[in-house]
$ cat start-v3.cif   # mmCIF, C-alpha atoms
data_start
loop_
_atom_site.label_atom_id
_atom_site.label_comp_id
_atom_site.auth_asym_id
_atom_site.auth_seq_id
_atom_site.Cartn_x
_atom_site.Cartn_y
_atom_site.Cartn_z
CA MET A 1 184.37 115.21 0.54
CA TYR A 2 183.31 114.22 -2.95
CA ASN A 3 182.08 116.75 -5.49
CA TYR A 4 179.31 114.38 -6.60
CA ILE A 5 177.78 111.27 -5.07
CA ILE A 6 175.47 109.19 -7.25
CA VAL A 7 173.18 106.62 -5.68
CA GLY A 8 172.59 103.69 -8.03
CA SER A 9 174.65 102.17 -10.83
CA GLY A 10 171.91 101.58 -13.36
CA ILE A 11 172.26 103.20 -16.75
CA ILE A 12 170.92 106.59 -15.53
CA GLY A 13 173.45 106.73 -12.71
CA LEU A 14 176.28 105.72 -15.05
CA THR A 15 175.42 108.19 -17.81
CA THR A 16 175.06 110.95 -15.22
CA ALA A 17 178.55 110.22 -13.94
CA TYR A 18 179.79 110.13 -17.54
CA SER A 19 178.24 113.53 -18.27
CA LEU A 20 179.55 115.08 -15.05
CA LYS A 21 183.11 113.98 -15.83
CA LYS A 22 182.84 115.32 -19.38
CA SER A 23 181.80 118.73 -18.04
CA ASP A 24 184.04 118.76 -14.97
CA PRO A 25 187.01 116.42 -15.58
CA GLN A 26 188.70 117.25 -12.27
CA ALA A 27 185.61 116.50 -10.20
CA SER A 28 185.62 113.65 -7.69
CA VAL A 29 182.67 111.33 -8.32
CA LEU A 30 181.48 108.44 -6.16
CA ILE A 31 178.85 105.89 -7.18
CA LEU A 32 177.20 103.91 -4.39
CA GLU A 33 175.48 100.63 -5.28
CA LYS A 34 173.68 98.25 -2.96
CA GLU A 35 174.36 95.20 -5.14
CA SER A 36 177.69 93.47 -5.77
CA GLN A 37 177.80 94.63 -9.41
CA PRO A 38 176.28 97.38 -11.56
CA ALA A 39 173.12 97.40 -13.67
CA ILE A 40 171.50 94.17 -12.52
CA HIS A 41 167.93 95.42 -12.02
CA GLN A 42 165.98 97.55 -14.54
CA THR A 43 168.99 98.14 -16.81
CA GLY A 44 170.12 94.52 -16.82
CA ARG A 45 166.59 93.25 -17.46
CA ASN A 46 165.73 95.77 -20.16
CA SER A 47 164.18 94.58 -23.44
CA GLY A 48 167.04 96.22 -25.33
CA VAL A 49 164.95 98.42 -27.61
CA ILE A 50 166.41 101.75 -28.71
CA HIS A 51 163.11 103.61 -28.86
CA SER A 52 162.31 106.11 -31.59
CA GLY A 53 159.88 108.41 -29.73
CA VAL A 54 156.80 107.64 -31.83
CA TYR A 55 154.43 107.24 -28.85
CA TYR A 56 155.19 110.41 -26.92
CA LYS A 57 153.36 113.71 -27.02
CA PRO A 58 155.30 116.34 -28.99
CA GLY A 59 156.94 118.76 -26.61
CA SER A 60 157.12 116.29 -23.71
CA LYS A 61 160.44 115.40 -22.10
CA LYS A 62 160.02 111.83 -23.30
CA ALA A 63 159.61 112.94 -26.91
CA GLU A 64 162.48 115.43 -26.77
CA LEU A 65 165.00 113.34 -24.87
CA CYS A 66 164.14 110.06 -26.61
CA ARG A 67 164.60 111.46 -30.09
CA ARG A 68 167.99 112.98 -29.26
CA GLY A 69 168.92 110.13 -26.94
CA SER A 70 168.33 107.50 -29.59
CA LYS A 71 170.98 109.02 -31.84
CA ARG A 72 173.33 109.54 -28.88
CA MET A 73 172.96 105.90 -27.87
CA MET A 74 173.67 104.60 -31.38
CA ASP A 75 176.65 106.94 -31.76
CA PHE A 76 178.05 105.76 -28.41
CA CYS A 77 177.67 102.13 -29.45
CA GLN A 78 179.33 102.75 -32.80
CA ILE A 79 182.30 104.59 -31.28
CA ASN A 80 182.79 101.92 -28.61
CA ASP A 81 182.21 98.81 -30.76
CA ILE A 82 179.05 97.76 -28.93
CA PRO A 83 176.79 95.64 -31.18
CA PHE A 84 173.54 97.41 -32.09
CA GLU A 85 171.18 97.56 -35.03
CA GLN A 86 168.74 100.14 -36.34
CA CYS A 87 166.27 97.51 -37.46
CA GLY A 88 162.95 99.40 -37.42
CA LYS A 89 159.60 98.37 -36.01
CA VAL A 90 155.99 97.97 -37.06
CA ILE A 91 152.96 98.99 -34.98
CA VAL A 92 150.16 96.75 -36.20
CA ALA A 93 146.40 97.37 -36.32
CA THR A 94 144.48 94.11 -36.21
CA ASP A 95 140.93 95.52 -36.36
CA GLU A 96 139.13 98.59 -37.67
CA ASP A 97 138.78 100.21 -34.23
CA GLU A 98 142.55 100.65 -34.01
CA LEU A 99 143.00 102.55 -37.27
CA ALA A 100 142.11 105.97 -35.81
CA TYR A 101 144.78 105.74 -33.12
CA LEU A 102 147.27 104.45 -35.66
CA ASP A 103 146.70 107.71 -37.56
CA ILE A 104 147.26 109.69 -34.35
CA LEU A 105 150.58 107.89 -33.82
CA ALA A 106 151.57 108.67 -37.40
CA VAL A 107 150.93 112.38 -36.86
CA ARG A 108 152.72 112.28 -33.50
CA GLY A 109 155.72 110.46 -34.96
CA LYS A 110 156.11 112.97 -37.77
CA ALA A 111 155.81 115.86 -35.30
CA ASN A 112 158.66 114.24 -33.36
CA GLY A 113 160.83 114.23 -36.48
CA LEU A 114 160.48 110.56 -37.44
CA ASN A 115 160.22 109.08 -40.92
CA VAL A 116 157.13 107.08 -40.03
CA GLN A 117 154.94 105.70 -42.79
CA LYS A 118 151.53 104.12 -42.69
CA ILE A 119 151.61 100.90 -44.70
CA THR A 120 149.02 98.49 -46.09
CA ARG A 121 148.50 94.85 -45.20
CA GLU A 122 150.48 93.83 -48.29
CA GLU A 123 153.38 96.15 -47.41
CA LEU A 124 153.35 94.82 -43.85
CA LYS A 125 153.70 91.28 -45.18
CA GLU A 126 156.84 92.31 -47.03
CA ILE A 127 158.42 93.47 -43.75
CA GLU A 128 156.97 90.84 -41.38
CA PRO A 129 155.59 87.93 -43.46
CA HIS A 130 153.97 86.11 -40.53
CA VAL A 131 152.12 89.09 -39.02
CA ASP A 132 148.36 89.32 -39.54
CA GLY A 133 147.24 92.96 -39.61
CA ILE A 134 144.98 95.19 -41.66
CA ALA A 135 147.44 98.12 -41.61
CA ALA A 136 150.55 99.20 -39.75
CA LEU A 137 152.89 102.05 -39.00
CA HIS A 138 156.49 101.48 -40.05
CA VAL A 139 159.03 103.22 -37.82
CA PRO A 140 162.50 102.79 -39.35
CA GLU A 141 164.38 104.63 -36.57
CA ALA A 142 163.82 101.98 -33.86
CA GLY A 143 166.79 99.81 -32.92
CA ILE A 144 168.10 97.12 -30.58
CA VAL A 145 171.10 96.83 -28.27
CA SER A 146 172.14 95.20 -25.00
CA TYR A 147 171.94 97.90 -22.34
CA LYS A 148 173.90 95.59 -20.08
CA LYS A 149 176.79 95.88 -22.57
CA VAL A 150 176.37 99.65 -22.69
CA ALA A 151 176.54 99.76 -18.88
CA GLU A 152 179.65 97.57 -18.82
CA LYS A 153 181.41 99.91 -21.25
CA LEU A 154 180.39 102.96 -19.22
CA VAL A 155 181.85 101.33 -16.11
CA ASP A 156 185.18 100.80 -17.90
CA LEU A 157 185.25 104.39 -19.15
CA LEU A 158 184.35 105.81 -15.75
CA LYS A 159 187.02 103.77 -13.98
CA ASN A 160 189.55 105.15 -16.45
CA GLU A 161 188.39 108.63 -15.41
CA ARG A 162 188.96 107.72 -11.73
CA VAL A 163 185.30 107.55 -10.82
CA GLU A 164 185.05 105.59 -7.59
CA MET A 165 182.44 102.83 -7.33
CA VAL A 166 181.57 101.20 -4.03
CA PHE A 167 179.37 98.12 -4.08
CA ASN A 168 177.40 96.33 -1.36
CA GLN A 169 176.49 99.71 0.14
CA GLN A 170 172.75 100.17 0.49
CA VAL A 171 171.90 103.83 0.96
CA CYS A 172 169.41 104.36 3.77
CA ALA A 173 169.08 108.14 3.82
CA ILE A 174 170.21 111.39 2.25
CA LYS A 175 170.62 114.44 4.47
CA SER A 176 170.98 117.81 2.76
CA GLU A 177 172.50 120.85 4.45
CA ALA A 178 173.49 124.30 3.20
CA SER A 179 177.11 123.46 2.38
CA ALA A 180 177.09 119.70 1.77
CA CYS A 181 175.08 116.48 1.80
CA LYS A 182 175.50 113.35 3.88
CA VAL A 183 174.67 109.96 2.39
CA GLU A 184 174.14 107.26 4.99
CA THR A 185 174.45 103.55 4.26
CA GLU A 186 173.89 100.68 6.67
CA ASP A 187 177.41 100.97 8.09
CA GLN A 188 179.05 104.10 6.66
CA SER A 189 178.43 107.72 5.76
CA PHE A 190 179.77 109.74 2.82
CA ILE A 191 179.89 113.50 2.32
CA GLY A 192 179.26 115.09 -1.06
CA GLU A 193 178.86 118.57 -2.47
CA TYR A 194 175.93 117.29 -4.55
CA VAL A 195 173.97 114.03 -4.43
CA ILE A 196 172.08 112.53 -7.36
CA ASN A 197 169.47 109.92 -6.47
CA CYS A 198 169.20 107.34 -9.27
CA ALA A 199 167.81 104.59 -7.06
CA GLY A 200 164.99 103.49 -9.38
CA LEU A 201 162.43 101.53 -7.39
CA TYR A 202 163.63 103.18 -4.17
CA SER A 203 163.97 106.72 -5.50
CA ASP A 204 160.86 107.98 -3.69
CA THR A 205 162.00 106.59 -0.34
CA LEU A 206 165.37 108.33 -0.61
CA ALA A 207 163.84 111.57 -1.87
CA LYS A 208 161.59 111.67 1.19
CA SER A 209 164.59 111.06 3.46
CA ALA A 210 166.16 114.17 1.92
CA GLY A 211 163.09 116.22 2.82
CA VAL A 212 161.68 116.45 -0.70
CA GLU A 213 157.89 116.63 -0.90
CA LEU A 214 156.53 114.19 -3.46
CA GLY A 215 153.10 114.06 -5.03
CA HIS A 216 153.54 110.46 -6.14
CA ARG A 217 154.61 107.02 -4.99
CA ILE A 218 156.69 104.45 -6.86
CA ILE A 219 154.62 101.35 -7.64
CA PRO A 220 156.45 98.26 -8.94
CA PHE A 221 154.95 96.48 -11.95
CA ARG A 222 156.42 93.12 -12.92
CA GLY A 223 156.83 92.58 -16.65
CA GLU A 224 156.53 88.89 -17.52
CA TYR A 225 158.03 87.54 -20.74
CA TYR A 226 158.19 84.41 -22.83
CA GLU A 227 160.80 83.56 -25.44
CA LEU A 228 160.25 81.84 -28.79
CA VAL A 229 162.03 78.51 -29.08
CA ARG A 230 164.94 78.63 -31.51
CA GLU A 231 163.05 76.71 -34.21
CA LYS A 232 160.35 79.40 -34.36
CA ARG A 233 162.51 82.52 -34.37
CA TYR A 234 161.87 82.85 -38.11
CA LEU A 235 158.36 84.08 -37.30
CA VAL A 236 159.73 87.47 -36.24
CA LYS A 237 162.14 89.57 -38.28
CA ASN A 238 162.54 92.61 -36.02
CA LEU A 239 160.14 94.48 -33.66
CA ILE A 240 156.37 93.93 -33.78
CA TYR A 241 154.03 95.97 -31.56
CA PRO A 242 150.24 96.19 -31.31
CA VAL A 243 148.42 99.52 -31.43
CA PRO A 244 148.37 100.51 -27.75
CA ASN A 245 145.20 101.27 -25.85
CA PRO A 246 145.40 105.07 -25.36
CA ASP A 247 143.47 104.77 -22.07
CA PHE A 248 145.85 102.19 -20.57
CA PRO A 249 149.41 103.07 -19.56
CA PHE A 250 151.20 100.06 -21.04
CA LEU A 251 152.02 99.14 -24.65
CA GLY A 252 150.58 95.63 -24.73
CA VAL A 253 152.37 92.34 -25.42
CA HIS A 254 154.71 92.52 -28.39
CA PHE A 255 157.58 90.69 -30.09
CA THR A 256 161.16 91.91 -29.73
CA ARG A 257 164.20 90.57 -31.54
CA MET A 258 167.11 90.88 -29.14
CA ILE A 259 170.62 91.74 -30.26
CA ASP A 260 171.68 88.12 -29.59
CA GLY A 261 169.05 86.85 -32.06
CA SER A 262 166.56 85.55 -29.50
CA ILE A 263 162.90 86.61 -29.74
CA HIS A 264 161.11 87.79 -26.60
CA ALA A 265 157.33 88.07 -26.30
CA GLY A 266 155.67 90.28 -23.71
CA PRO A 267 155.52 91.91 -21.29
CA ASN A 268 152.51 91.18 -19.24
CA ALA A 269 152.23 93.89 -16.55
CA VAL A 270 151.09 93.01 -13.02
CA LEU A 271 151.61 94.50 -9.59
CA SER A 272 154.70 93.14 -7.87
CA LEU A 273 154.37 92.62 -4.13
CA LYS A 274 158.10 93.12 -3.78
CA LYS A 275 160.03 95.95 -5.42
CA GLU A 276 162.65 93.60 -6.80
CA GLY A 277 160.33 90.62 -6.93
CA TYR A 278 161.05 88.78 -10.14
CA SER A 279 159.06 85.63 -9.39
CA LYS A 280 155.26 85.42 -9.27
CA PHE A 281 155.36 84.57 -5.57
CA ALA A 282 157.94 87.12 -4.43
CA PHE A 283 156.62 88.98 -1.40
CA ASP A 284 157.82 91.63 1.03
CA ALA A 285 155.25 92.65 3.62
CA ALA A 286 156.44 96.24 4.05
CA GLU A 287 156.80 96.90 0.32
CA ALA A 288 153.48 95.24 -0.48
CA TRP A 289 151.81 97.46 2.12
CA GLN A 290 153.36 100.58 0.56
CA SER A 291 151.57 99.76 -2.69
CA LEU A 292 148.31 98.31 -1.37
CA SER A 293 147.78 101.08 1.19
CA TYR A 294 148.18 103.82 -1.42
CA LYS A 295 144.89 105.32 -2.55
CA GLY A 296 146.36 106.10 -5.95
CA PHE A 297 146.82 102.40 -6.64
CA TRP A 298 143.18 101.59 -5.94
CA ARG A 299 142.03 104.51 -8.07
CA LEU A 300 144.18 103.13 -10.90
CA VAL A 301 142.51 99.74 -10.41
CA GLY A 302 139.09 101.36 -10.45
CA GLN A 303 139.82 103.21 -13.68
CA HIS A 304 141.40 100.27 -15.52
CA TRP A 305 139.99 97.18 -13.81
CA GLN A 306 139.07 95.44 -17.07
CA GLU A 307 142.55 95.82 -18.55
CA GLY A 308 144.04 94.96 -15.17
CA PHE A 309 142.00 91.76 -15.02
CA ARG A 310 143.22 90.79 -18.50
CA GLU A 311 146.83 91.38 -17.43
CA PHE A 312 146.30 89.21 -14.34
CA HIS A 313 144.55 86.52 -16.40
CA ARG A 314 147.51 86.38 -18.81
CA SER A 315 149.84 86.15 -15.82
CA VAL A 316 148.22 82.97 -14.51
CA SER A 317 147.24 81.46 -17.87
CA LYS A 318 149.81 80.81 -20.58
CA SER A 319 147.02 80.05 -23.06
CA GLU A 320 145.60 83.57 -22.55
CA PHE A 321 149.06 85.04 -23.06
CA VAL A 322 149.37 83.07 -26.29
CA LYS A 323 145.97 84.30 -27.50
CA SER A 324 147.19 87.89 -27.19
CA LEU A 325 150.26 87.05 -29.23
CA GLN A 326 148.19 85.26 -31.86
CA LYS A 327 146.41 88.51 -32.68
CA LEU A 328 149.73 89.56 -34.20
CA ILE A 329 151.13 86.20 -35.35
CA PRO A 330 148.43 83.50 -35.63
CA GLU A 331 151.03 80.74 -36.13
CA VAL A 332 152.34 81.01 -32.55
CA ARG A 333 151.44 78.00 -30.36
CA ASP A 334 151.79 77.26 -26.65
CA GLU A 335 154.66 74.87 -27.27
CA ASP A 336 156.60 77.57 -29.15
CA LEU A 337 157.11 79.63 -25.99
CA ILE A 338 159.35 79.12 -22.99
CA PRO A 339 159.52 81.39 -19.91
CA SER A 340 162.07 84.20 -20.01
CA ASP A 341 163.53 86.51 -17.38
CA PRO A 342 161.01 89.04 -16.02
CA GLY A 343 161.70 92.63 -15.04
CA VAL A 344 160.17 95.10 -12.60
CA ARG A 345 159.30 98.60 -13.76
CA ALA A 346 159.45 101.53 -11.33
CA GLN A 347 156.39 103.61 -12.15
CA ALA A 348 155.43 106.83 -10.38
CA LEU A 349 151.72 106.95 -9.59
CA ASN A 350 149.74 110.02 -8.54
CA PRO A 351 147.14 109.99 -5.73
CA ASP A 352 144.30 110.35 -8.28
CA GLY A 353 145.31 107.06 -9.93
CA SER A 354 147.00 108.62 -12.95
CA LEU A 355 150.48 107.49 -13.88
CA VAL A 356 153.18 110.13 -14.10
CA ASP A 357 153.40 110.08 -17.88
CA ASP A 358 156.67 111.95 -18.40
CA PHE A 359 160.16 111.80 -17.00
CA LEU A 360 160.25 113.47 -13.59
CA ILE A 361 163.41 114.87 -12.02
CA LYS A 362 163.15 116.80 -8.75
CA TYR A 363 165.80 119.43 -8.09
CA SER A 364 166.12 120.41 -4.46
CA GLY A 365 169.18 122.47 -3.65
CA ARG A 366 172.17 120.15 -3.49
CA THR A 367 170.13 117.03 -4.16
CA ILE A 368 168.70 115.82 -7.46
CA HIS A 369 166.19 112.98 -7.58
CA VAL A 370 165.30 110.96 -10.68
CA CYS A 371 161.75 110.23 -9.57
CA ASN A 372 160.19 108.76 -12.72
CA ALA A 373 162.26 107.20 -15.48
CA PRO A 374 160.36 104.36 -17.12
CA SER A 375 160.75 103.47 -20.80
CA PRO A 376 162.30 105.11 -22.83
CA ALA A 377 164.72 106.06 -20.05
CA ALA A 378 167.51 103.74 -21.20
CA THR A 379 167.29 105.16 -24.73
CA SER A 380 167.29 108.70 -23.29
CA SER A 381 169.89 108.07 -20.60
CA PHE A 382 172.70 110.23 -22.04
CA GLU A 383 170.28 113.14 -22.42
CA ILE A 384 168.94 112.67 -18.88
CA GLY A 385 172.51 112.68 -17.58
CA ASP A 386 173.18 115.92 -19.45
CA GLN A 387 170.09 117.59 -17.98
CA ILE A 388 171.22 116.74 -14.46
CA THR A 389 174.73 117.97 -15.22
CA ASP A 390 173.42 121.24 -16.65
CA TYR A 391 171.49 121.90 -13.44
CA VAL A 392 174.51 121.26 -11.24
CA ILE A 393 176.97 123.25 -13.37
CA ASN A 394 174.57 126.19 -13.71
CA ARG A 395 173.85 126.18 -9.98
CA LYS A 396 177.57 126.22 -9.16
CA SER A 397 178.14 129.05 -11.64
CA ARG A 398 175.36 131.12 -10.08
CA LYS A 399 176.79 130.57 -6.60
CA ALA A 400 180.25 131.56 -7.81
CA ALA A 401 178.87 134.74 -9.38
CA VAL A 402 177.09 135.67 -6.15
CA MET A 403 180.26 135.14 -4.12
CA GLN A 404 182.22 137.38 -6.50
CA GLN A 405 179.63 140.15 -6.17
CA ASN A 406 179.84 139.94 -2.41
#

$ encode --input "start-v3.cif" --output "structure tokens"
Amino acid sequence: MYNYIIVGSGIIGLTTAYSLKKSDPQASVLILEKESQPAIHQTGRNSGVIHSGVYYKPGSKKAELCRRGSKRMMDFCQINDIPFEQCGKVIVATDEDELAYLDILAVRGKANGLNVQKITREELKEIEPHVDGIAALHVPEAGIVSYKKVAEKLVDLLKNERVEMVFNQQVCAIKSEASACKVETEDQSFIGEYVINCAGLYSDTLAKSAGVELGHRIIPFRGEYYELVREKRYLVKNLIYPVPNPDFPFLGVHFTRMIDGSIHAGPNAVLSLKKEGYSKFAFDAAEAWQSLSYKGFWRLVGQHWQEGFREFHRSVSKSEFVKSLQKLIPEVRDEDLIPSDPGVRAQALNPDGSLVDDFLIKYSGRTIHVCNAPSPAATSSFEIGDQITDYVINRKSRKAAVMQQN
């Protein structure tokens, strides 16, 4: 029997294993992964931004864990010689209607401990010469890294600590009992003292199999990206974001300089009809039905149909995608962009159509389920791992104290 079984080898699963071994070096830890290698889905397709926490409501888990997690991530990279850069970002207002929310973000950023500064058009031009905006918020704490490289280093460190990793094992169910948990794959079963579900897009399915009542469903949204051709990379110095629509749950198309020097533009956000469907035509009947039969999805559509239509229009029309980018950098042309790898975001959606806005971890006895971990989860991953570890260690301590009293 293992002390801890972790389902999923994305960055949350890996940092959780890392935290558990730091707190309990003698513990036996098993990571089960359905793919042939770690971190190939959300972690491997991440935009690579080390987020600052400027967007998140003060006091929320996202704000708290992102701010601490950002420093933890950069420290980890520095100690382990992983290339990263604290390059900063600008959030750009392109019309008068956006200035009020820019001010709200400035107040929110300062409340979250950031050195944010509202800057003029002229000051913006000094940072990003090709951006056309009337004002902006400069956020110096934002950074970039390859989370794939972070995951690879974590794998090396965990193997050195004798953490066992088993690939090509798709977990089908988690069964929790009073003294242990059983994790069932397609052809094997494993017994663990505790099980941590870090299955991303399939986290809700596994949580239900463990008997956990959920008030949400995971809906997959495909993020579609373009990349600037090499000759036009000079248009972007670092990270350029629009002022987000506060009534819509996504940040809008933006420009991201990657750690390898490439410039990505996007994402466009559309419903994926397959949970790991990275092409426009990817389809899985059962998974599509899970989304389309959910009343929460249609309530989301009803509340945001105009924005949703614009996202869909950009998905099928490159020229519309380019128009959105030109609001930030007018010089961008259709021929400057080539398709880049898309990603699929696991987003928890409530029955009333509202998105679960914060990180959501369900603790149920011997099972822990990471139910909602969208951006900035990669940035916050070491802190999320520590929270899970604290729960397990505290629960074991309480049980030990009770046994001593008896």

$ closest_residue --input "start-v3.cif" --among "A:Ala269, A:Val183, A:Ala135, A:Leu154" --to "Thr367 in chain A" --atoms "all atoms listed in the file"
A:Val183

$ closest_residue --input "start-v3.cif" --among "A:His130, A:Lys362, A:Lys34, A:Lys57" --to "Lys208 in chain A" --atoms "all atoms listed in the file"
A:Lys362

$ resolve_selection --input "start-v3.cif" --expression "the PyMOL selection byres ((chain A and resi 194) around 6)" --output "PyMOL selection string"
chain A and resi 4+192-193+195+366-367

$ write_last_selection --input "start-v3.cif" --atoms "C-alpha atoms" --output "short mmCIF file (atom, residue, chain, number, x, y, z; two decimals), keeping the file's coordinate frame"
data_model
loop_
_atom_site.label_atom_id
_atom_site.label_comp_id
_atom_site.auth_asym_id
_atom_site.auth_seq_id
_atom_site.Cartn_x
_atom_site.Cartn_y
_atom_site.Cartn_z
CA TYR A 4 179.31 114.38 -6.60
CA GLY A 192 179.26 115.09 -1.06
CA GLU A 193 178.86 118.57 -2.47
CA VAL A 195 173.97 114.03 -4.43
CA ARG A 366 172.17 120.15 -3.49
CA THR A 367 170.13 117.03 -4.16
#

$ resolve_selection --input "start-v3.cif" --expression "the PyMOL selection byres ((chain A and resi 296-310) around 12)" --output "ChimeraX atom specification"
/A:215-221,244-253,268-271,288-295,311-317,320-321,323-324,347-356

$ atom_distance --input "start-v3.cif" --atom1 "CA of Lys149 in chain A" --atom2 "CA of Gly69 in chain A"
16.9 Å

$ resolve_selection --input "start-v3.cif" --expression "the PyMOL selection byres ((chain A and resi 239) around 10)" --output "VMD selection string"
chain A and resid 49 87 to 91 128 139 142 to 144 236 to 238 240 to 241 254 to 258 263 to 264

$ atom_distance --input "start-v3.cif" --atom1 "CA of Ala286 in chain A" --atom2 "CA of Gly211 in chain A"
21.1 Å

$ decode --input "start-v3.cif" --residues "range 66-86 of chain A" --atoms "N, CA and C atoms" --output "compact mmCIF listing (two decimals), in the first residue's frame"
# COMPACT_ATOMS: atom_id res chain seq x y z
N CYS A 66 -1.45 33.01 -5.96
CA CYS A 66 -0.70 33.49 -7.12
C CYS A 66 0.45 34.39 -6.69
N ARG A 67 0.16 35.30 -5.78
CA ARG A 67 1.20 36.24 -5.35
C ARG A 67 2.37 35.49 -4.72
N ARG A 68 2.08 34.56 -3.81
CA ARG A 68 3.15 33.78 -3.19
C ARG A 68 3.74 32.78 -4.18
N GLY A 69 2.88 32.21 -5.00
CA GLY A 69 3.33 31.19 -5.95
C GLY A 69 4.26 31.74 -7.01
N SER A 70 4.03 32.99 -7.41
CA SER A 70 4.90 33.61 -8.40
C SER A 70 6.34 33.66 -7.92
N LYS A 71 6.53 34.09 -6.69
CA LYS A 71 7.89 34.15 -6.13
C LYS A 71 8.46 32.74 -5.97
N ARG A 72 7.62 31.80 -5.51
CA ARG A 72 8.09 30.42 -5.36
C ARG A 72 8.54 29.85 -6.70
N MET A 73 7.77 30.13 -7.75
CA MET A 73 8.11 29.60 -9.07
C MET A 73 9.44 30.18 -9.56
N MET A 74 9.62 31.48 -9.40
CA MET A 74 10.87 32.09 -9.85
C MET A 74 12.06 31.61 -9.03
N ASP A 75 11.86 31.45 -7.73
CA ASP A 75 12.94 30.93 -6.88
C ASP A 75 13.32 29.51 -7.30
N PHE A 76 12.31 28.67 -7.58
CA PHE A 76 12.57 27.29 -8.01
C PHE A 76 13.37 27.28 -9.31
N CYS A 77 12.99 28.14 -10.24
CA CYS A 77 13.68 28.20 -11.52
C CYS A 77 15.13 28.66 -11.34
N GLN A 78 15.32 29.64 -10.48
CA GLN A 78 16.67 30.16 -10.25
C GLN A 78 17.57 29.09 -9.62
N ILE A 79 17.06 28.39 -8.63
CA ILE A 79 17.83 27.37 -7.94
C ILE A 79 18.18 26.21 -8.88
N ASN A 80 17.26 25.90 -9.80
CA ASN A 80 17.43 24.73 -10.65
C ASN A 80 17.85 25.06 -12.09
N ASP A 81 18.31 26.29 -12.30
CA ASP A 81 18.85 26.70 -13.61
C ASP A 81 17.85 26.52 -14.75
N ILE A 82 16.59 26.83 -14.47
CA ILE A 82 15.55 26.82 -15.51
C ILE A 82 15.41 28.24 -16.03
N PRO A 83 15.53 28.47 -17.33
CA PRO A 83 15.43 29.82 -17.87
C PRO A 83 14.06 30.45 -17.56
N PHE A 84 14.07 31.66 -17.02
CA PHE A 84 12.86 32.43 -16.80
C PHE A 84 13.23 33.90 -16.85
N GLU A 85 12.21 34.74 -16.89
CA GLU A 85 12.47 36.17 -16.92
C GLU A 85 11.30 36.92 -16.30
N GLN A 86 11.60 37.83 -15.40
CA GLN A 86 10.58 38.71 -14.85
C GLN A 86 10.54 39.95 -15.74
